[in-house]
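Undergrad: This is the structure, below, for whatever I ask next.
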Amino acid sequence: MEDAANTTEPCYPSRLAGRGQPVLSTNAIYTPGTSSIATEPSNITYPHRQLPQDNVEKFIGRTDVLEQMHIYLKPSNTQETQHYSIWGLGGVGKSQCALAYANLYQDDYDATFWVRAESEPSLNQSFISIATNLGLVSPSTGSSPSEARDMVLVWLRNSGCRWLMIFDNVETIDLALESMPTSPGSVLVTTRYPNVAGSARTPPQRVIQLKALEEEEAWSMFSNMLLGQHDLWKSESSLLDTEVTSARRLLEKLGGLPLGIRQMAALIRQKKKSVEDFLNWYQREAGNSKKIKGGKDFRVDPDYPYAVETVWALSFDALEKSQLEESSEAYILLAALSFLSPDSIPVQLFTQQCNVVGFCGDEDLITFEEPKEELVDLALIDMEGDNLSIHRLVQTTCLHHIHTEMLQKAFGLACSLLNAVFPKQLFGRPLVPEWPSCLLYATHVQNIATRFEELQSRLIITDEFLEVLSNCAWYLHEIGDWYDSGEMVRVAKLACPKEKPRVLSHLENTLGASLFESNKLEKCRESLDSALSIRRTIMEEGDEDLLCTINNYANLESGSGHPEKALQLYDEVQSIRERMGTETQVSLALTYGGKGQALVQLGRYVEAEEFYNKAYAIIVNEYGPEGHYVGHLHYVYGNLKLAKSDIGAALEDYRRGLEIYRASQPNHILTACLLFKIGCIDIKQGRVDDARRHLQEAKSISQLKRSEENVARIARKLWPLIKDDSDDTLAKESENLQVMTEIWERKLLASGSDMSNEASADKAFNEELCLFFR
């Protein structure tokens, strides 16, 4: 994705001021729970555009479609979001049509954004990129995708901009709807599926099927790519009749699909064949693409013409022959790229790695550049600044066409390259300082895991594959993406042989940690039992990985209501970690913090505070007073002081923790927990309006994080505060929250919880959450 544009529209500030709207010549920094945006000096200028690099070869005609789109999408004074959806066959030019619209009508929009929406990882990465380029997120902050998305949506709502957001290649409508703006602006959706197009908040008259190019449009696209770049196509007036006739016959077979036309023209241009010779070549090979290697039936899309797959087959066969005859690595590179996320593949992945087969060192930089240029010339990949991109259909077809031996080599290369750059979680230590690097490559690791599931019968597991999945799973756990972390662990465990106990123990430890924070304690115990059993067998007593799992098991015992057992485990870990060097200090701080929480459960408050103080000193020294984990320590300090009935001191710590989390991870579940605690104190001290505001914000974050347990305890406190509100919407919400509260109360009573008084009920609701968030 490109950086923001460098040009400024002179009329933009005056136009906004004339409309009575705020003029943003600064970064918009979102503060959750407010309706305003704080600002700080910025380099952002308007119009602000974050779009893929344009390629005029990919687009032709469609004037009537673009004009119709603008009728419905153009900015207006309405307070509603303007929607339009395009659907059609893969490769028909939907994305290029959307990009052409954004470029043609760029003067009508102050800000334009491109969201790659085919999968959750690509959508998350898009919002993080948008948030970063808007200055809402620091590259070093490590904000979670949900936080970045919310910051962008609030920015859109409050910026005063005329904005356009394009959701490209939507595969799952529910995923897109969760991230789709509802504030005044314009949303354009592209998708392969008519049902998705019709479900994207789009009225029927605003849904269009993008059909194949008409005959003359197809001719224009094809001839534009060859004229002046081919010996027989020096000018249209000098064309031989046989060339024109052959070209039109080929175009007829391709059915007007721009992707096929572009790649056919590129193959003719690259091979320096006459169109007549290419037609003969094509006719000899026509139909072969119906069979992948091994003789199995394969269609990239049942509605796709065989002619296009034949063109791909010719391109792949040409690369394969080049591989055999000239030791070219273009085919392997194409297949390796097909394992990665199709967009925003950093060139540095290939040019900055040493000791990775195929691409390293100064001489091997040429080895990369030559096959890359060959693939670009064949229109099989594109260069977008410092990134590569590849069409999803090309990826799928390539991986099903390639010989198993070469598929394995490409898989190994992709895994080796990713593993070489992805940060390693060593000795149970946090990856926090490496979050920006993790973010850059996480979507590609997730994609390679998905591809492995599709092709596992043809692949042999590599150590690099297991290692990069294992580290990526831990990163996803650290940023609070517990579901994605669990999915990564699931795939890695499926692939991990019993002969790799160290890797398997790492996966079980990661899964156990995520399950603990999700408060799924029984499943957490199963995973940690497995990890601990393996690690006690194969590791020495002082191994840091073993200590990490023991510490996690201590957390589990404490969270399960067994603080005495927890203290025994914490003592075991503490005694060893205190003898280790400075590199283990953060891990030691986590032990101190956990031990403090167990002591609070036992009412040993003085000892608990001593251990909290030790943890605080280490964490502040490592990350600074605003750093990661400091906010959590303020939360547990607040809980300790609340237990000692020092409400004023508790409120001060909760507010300090909230300040830190709002600045770094505003939609983390701990942000919601801090707001909940502050709201409860507001209630005790009679600040009803403040309590409502804090609890509403806590509820919104908890719903976003799908934390039903936290929503339930918030609902119990919130509904009485809004039941008599004059706003009918709030009154109705109060009824719903009351029903939710009653359902949970019955559930807790049925499980044997004491609900006899307010304090007991508070305790029962709190214990539904992970210990860290109570």
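In the structure tokens, each chain is lettered A, B, ... as it comes, each chain's residues begin at 1, and ligands are numbered from 1 in order of appearance.
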Enumerate, in order of chain and increasing residue number, the residues of range 138-204 of chain A with an atom no farther than 7 Å from range 82-88 of chain A, each with its shortest atom pair and distance in Å to one decimal, counting only C-alpha atoms, as JSON lines.
TA:
```
{"residue": "A:Gly185", "atom": "CA", "partner": "A:Gln82", "partner_atom": "CA", "distance": 6.1}
{"residue": "A:Ser186", "atom": "CA", "partner": "A:Gln82", "partner_atom": "CA", "distance": 4.6}
{"residue": "A:Val187", "atom": "CA", "partner": "A:His83", "partner_atom": "CA", "distance": 4.9}
{"residue": "A:Leu188", "atom": "CA", "partner": "A:Tyr84", "partner_atom": "CA", "distance": 5.0}
{"residue": "A:Val189", "atom": "CA", "partner": "A:Ser85", "partner_atom": "CA", "distance": 4.6}
{"residue": "A:Thr190", "atom": "CA", "partner": "A:Ile86", "partner_atom": "CA", "distance": 4.8}
{"residue": "A:Thr191", "atom": "CA", "partner": "A:Trp87", "partner_atom": "CA", "distance": 4.8}
{"residue": "A:Arg192", "atom": "CA", "partner": "A:Gly88", "partner_atom": "CA", "distance": 5.0}
{"residue": "A:Tyr193", "atom": "CA", "partner": "A:Trp87", "partner_atom": "CA", "distance": 5.9}
{"residue": "A:Pro194", "atom": "CA", "partner": "A:Trp87", "partner_atom": "CA", "distance": 5.8}
{"residue": "A:Ala197", "atom": "CA", "partner": "A:Ser85", "partner_atom": "CA", "distance": 5.3}
{"residue": "A:Arg201", "atom": "CA", "partner": "A:His83", "partner_atom": "CA", "distance": 6.8}
{"residue": "A:Thr202", "atom": "CA", "partner": "A:His83", "partner_atom": "CA", "distance": 5.5}
```
Undergrad: For those residues, write N, CA and C atoms to a file as a PDB file, in the first residue's frame.
TA:
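Generated file (result09.pdb):
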```pdb
ATOM      1  N   GLY A 185     -20.057   8.848   4.270  1.00  0.00           N
ATOM      2  CA  GLY A 185     -18.933   8.605   3.384  1.00  0.00           C
ATOM      3  C   GLY A 185     -19.349   7.615   2.321  1.00  0.00           C
ATOM      4  N   SER A 186     -18.388   7.050   1.597  1.00  0.00           N
ATOM      5  CA  SER A 186     -18.667   6.149   0.482  1.00  0.00           C
ATOM      6  C   SER A 186     -17.902   4.846   0.645  1.00  0.00           C
ATOM      7  N   VAL A 187     -18.614   3.723   0.435  1.00  0.00           N
ATOM      8  CA  VAL A 187     -18.017   2.394   0.552  1.00  0.00           C
ATOM      9  C   VAL A 187     -18.265   1.635  -0.739  1.00  0.00           C
ATOM     10  N   LEU A 188     -17.197   1.153  -1.352  1.00  0.00           N
ATOM     11  CA  LEU A 188     -17.274   0.365  -2.577  1.00  0.00           C
ATOM     12  C   LEU A 188     -16.777  -1.045  -2.284  1.00  0.00           C
ATOM     13  N   VAL A 189     -17.548  -2.058  -2.673  1.00  0.00           N
ATOM     14  CA  VAL A 189     -17.217  -3.453  -2.418  1.00  0.00           C
ATOM     15  C   VAL A 189     -17.025  -4.185  -3.737  1.00  0.00           C
ATOM     16  N   THR A 190     -15.974  -5.000  -3.840  1.00  0.00           N
ATOM     17  CA  THR A 190     -15.823  -5.919  -4.976  1.00  0.00           C
ATOM     18  C   THR A 190     -15.819  -7.342  -4.437  1.00  0.00           C
ATOM     19  N   THR A 191     -16.436  -8.248  -5.174  1.00  0.00           N
ATOM     20  CA  THR A 191     -16.535  -9.631  -4.732  1.00  0.00           C
ATOM     21  C   THR A 191     -16.844 -10.530  -5.912  1.00  0.00           C
ATOM     22  N   ARG A 192     -16.548 -11.811  -5.768  1.00  0.00           N
ATOM     23  CA  ARG A 192     -16.895 -12.786  -6.803  1.00  0.00           C
ATOM     24  C   ARG A 192     -18.344 -13.253  -6.687  1.00  0.00           C
ATOM     25  N   TYR A 193     -18.993 -12.945  -5.566  1.00  0.00           N
ATOM     26  CA  TYR A 193     -20.256 -13.608  -5.265  1.00  0.00           C
ATOM     27  C   TYR A 193     -21.422 -12.626  -5.238  1.00  0.00           C
ATOM     28  N   PRO A 194     -22.498 -12.893  -6.002  1.00  0.00           N
ATOM     29  CA  PRO A 194     -23.647 -11.984  -6.006  1.00  0.00           C
ATOM     30  C   PRO A 194     -24.332 -11.878  -4.651  1.00  0.00           C
ATOM     31  N   ALA A 197     -22.356  -9.412  -2.591  1.00  0.00           N
ATOM     32  CA  ALA A 197     -22.584  -8.048  -3.082  1.00  0.00           C
ATOM     33  C   ALA A 197     -23.917  -7.512  -2.585  1.00  0.00           C
ATOM     34  N   ARG A 201     -24.864  -4.179   2.745  1.00  0.00           N
ATOM     35  CA  ARG A 201     -25.641  -2.961   3.016  1.00  0.00           C
ATOM     36  C   ARG A 201     -25.952  -2.203   1.734  1.00  0.00           C
ATOM     37  N   THR A 202     -26.094  -2.943   0.649  1.00  0.00           N
ATOM     38  CA  THR A 202     -26.235  -2.339  -0.668  1.00  0.00           C
ATOM     39  C   THR A 202     -27.616  -2.619  -1.250  1.00  0.00           C
TER      40      THR A 202
END
```
Undergrad: Need the shell around Glu583 in chain A: protein/DNA/RNA residues with any atom at most 12 Å away, counting only C-alpha atoms. Skip same-chain ones fewer than 5 positions apart. Format as a list in words?
TA: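 Everything that qualifies: Leu426, Phe427, Gly428, Arg429, Pro430, Glu544, Arg577, Glu578, Leu588, Ala589, Ile618 and Glu622 of chain A.
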Undergrad: Record the distance separating CA of Ala608 in chain A and CA of Lys595 in chain A, expressed in Å with one decimal.
TA: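 CA of Lys595 in chain A lies 7.3 Å from CA of Ala608 in chain A.
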Undergrad: Pick out the closest residue to Asn124 in chain A from this set: A:Leu515, A:Ile619, A:Thr443, A:Leu730. Count only C-alpha atoms.
TA: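 Closest to Asn124 in chain A of all the choices is A:Thr443.
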Undergrad: Within 10 Å of range 437-441 of chain A, counting only C-alpha atoms, which residues qualify if same-chain residues fewer than 6 places away don't, as a PyMOL selection string?
TA: chain A and resi 125+128-129+139-140+142-145+340-341+344-346+349+418-419+421-424+431+471-472+475-476
Undergrad: Apply DSSP to the structure's backbone, then extract all residues of range 561-646 of chain A labelled alpha helix (DSSP H) and return them as number ranges by chain.
TA: A: 563-577, 585-601, 605-623, 630-643
Undergrad: Range 74-77 of chain A: which residues within 9 Å, counting only C-alpha atoms, same-chain residues fewer than 2 positions away excluded, as a tab-separated table (two decimals) with C-alpha atoms, in the first residue's frame?
TA:
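See result_26.tsv below for the written result:
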```tsv
chain	number	residue	atom	x	y	z
A	69	MET	CA	-20.86	4.00	-9.81
A	70	HIS	CA	-20.32	7.72	-9.29
A	71	ILE	CA	-24.04	8.48	-9.40
A	72	TYR	CA	-24.46	6.43	-6.24
A	79	GLN	CA	-25.65	11.61	6.90
A	80	GLU	CA	-25.78	8.05	5.58
A	82	GLN	CA	-23.20	5.57	0.33
A	105	TYR	CA	-12.87	10.77	-9.36
A	108	ASP	CA	-14.15	14.42	-5.30
A	109	TYR	CA	-12.65	12.70	-2.26
A	162	ARG	CA	-15.23	13.27	2.11
A	163	TRP	CA	-13.84	9.75	2.14
A	164	LEU	CA	-14.01	6.62	-0.01
A	184	PRO	CA	-21.22	9.55	6.26
A	185	GLY	CA	-18.93	8.61	3.38
A	186	SER	CA	-18.67	6.15	0.48
```
Undergrad: Measuring atom to atom with only C-alpha atoms, identify which of A:Tyr570, A:Trp719, A:Glu517, A:Ala335 is nearest to Lys732 in chain A.
TA: A:Trp719
Undergrad: Compare A:Thr81, A:Asn519, A:Ser734, A:Asn667 by their minimum atom-to-atom distance to Met180 in chain A, counting only C-alpha atoms, and give me the closest one.
TA: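 Of the candidates, the smallest distance to Met180 in chain A is held by A:Thr81.
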Undergrad: Can you tell me how far CA of Ile701 in chain A sits from CA of Ile714 in chain A, in Å to one decimal?
TA: 11.0 Å
Undergrad: So that I can see what lies close to range 481-488 of chain A, please list as an NGL selection string the residues with an atom at most 10 Å from it, counting only C-alpha atoms and leaving out residues fewer than 4 positions away in the same chain.
TA: :A and (120-121 or 144-146 or 445-446 or 449-450 or 469-477 or 492-494 or 507-508 or 510-518 or 668 or 705)
Undergrad: List as a ChimeraX atom specification the protein and nucleic acid residues near Pro52 in chain A, meaning an atom at most 12 Å away when only C-alpha atoms are counted, but skip any in the same chain fewer than 6 places from it.
TA: /A:1-4,95-96,98-100,102-103,112-116,126,166,168,343-344,382-389
Undergrad: Which residue out of A:Gly631, A:Gln585, A:Pro497, A:Glu564 has the minimum interatomic distance to Arg604 in chain A when only C-alpha atoms are used?
TA: A:Glu564
Undergrad: Of the candidates A:Arg458, A:Arg716, A:Arg706, A:Arg525, which shows the shortest atom-to-atom distance to Asn555 in chain A, using only C-alpha atoms?
TA: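 Residue with the minimum atom-to-atom distance to Asn555 in chain A: A:Arg525.
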Undergrad: Which of these residues is nearest to Lys94 in chain A, using only C-alpha atoms: A:Leu232, A:Val489, A:Leu66, A:Gln703?
TA: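 Checking each of A:Leu232, A:Val489, A:Leu66, A:Gln703 against Lys94 in chain A, counting only C-alpha atoms, the winner is A:Leu66.
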Undergrad: Quick one: everything within 10 Å of Glu708 in chain A, counting only C-alpha atoms, minus sequence neighbours fewer than 5 positions away in the same chain. Send it as a PyMOL selection string.
TA: chain A and resi 699+702-703+713-714+768-769
Undergrad: Convert the current residue selection to file output with N, CA, C and O atoms, as a CSV table (one decimal), in the first residue's frame.
TA:
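Saved result, selection21.csv, follows:
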```
chain,number,residue,atom,x,y,z
A,699,LYS,N,-18.4,-2.0,28.0
A,699,LYS,CA,-19.2,-2.9,27.3
A,699,LYS,C,-18.9,-3.0,25.8
A,699,LYS,O,-18.8,-4.1,25.2
A,702,SER,N,-15.6,-4.9,25.3
A,702,SER,CA,-15.8,-6.3,25.6
A,702,SER,C,-16.6,-7.0,24.5
A,702,SER,O,-16.3,-8.2,24.2
A,703,GLN,N,-17.6,-6.4,23.9
A,703,GLN,CA,-18.3,-6.9,22.8
A,703,GLN,C,-17.4,-7.1,21.6
A,703,GLN,O,-17.5,-8.1,20.9
A,713,ARG,N,-20.8,-9.1,33.4
A,713,ARG,CA,-20.6,-8.4,34.7
A,713,ARG,C,-20.9,-6.9,34.5
A,713,ARG,O,-21.3,-6.2,35.4
A,714,ILE,N,-20.5,-6.4,33.3
A,714,ILE,CA,-20.8,-5.0,33.0
A,714,ILE,C,-22.3,-4.7,33.0
A,714,ILE,O,-22.8,-3.8,33.5
A,768,GLU,N,-15.8,-15.6,36.5
A,768,GLU,CA,-16.1,-16.1,35.2
A,768,GLU,C,-15.0,-15.6,34.2
A,768,GLU,O,-14.9,-16.1,33.1
A,769,LEU,N,-14.2,-14.6,34.7
A,769,LEU,CA,-13.1,-14.1,33.8
A,769,LEU,C,-11.8,-14.7,34.3
A,769,LEU,O,-11.6,-15.2,35.4
```
Undergrad: So the first atom is CA of Gln229 in chain A and the second is CA of Glu214 in chain A; what is the distance between them in Å, to one decimal place?
TA: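 So the answer is 23.8 Å.
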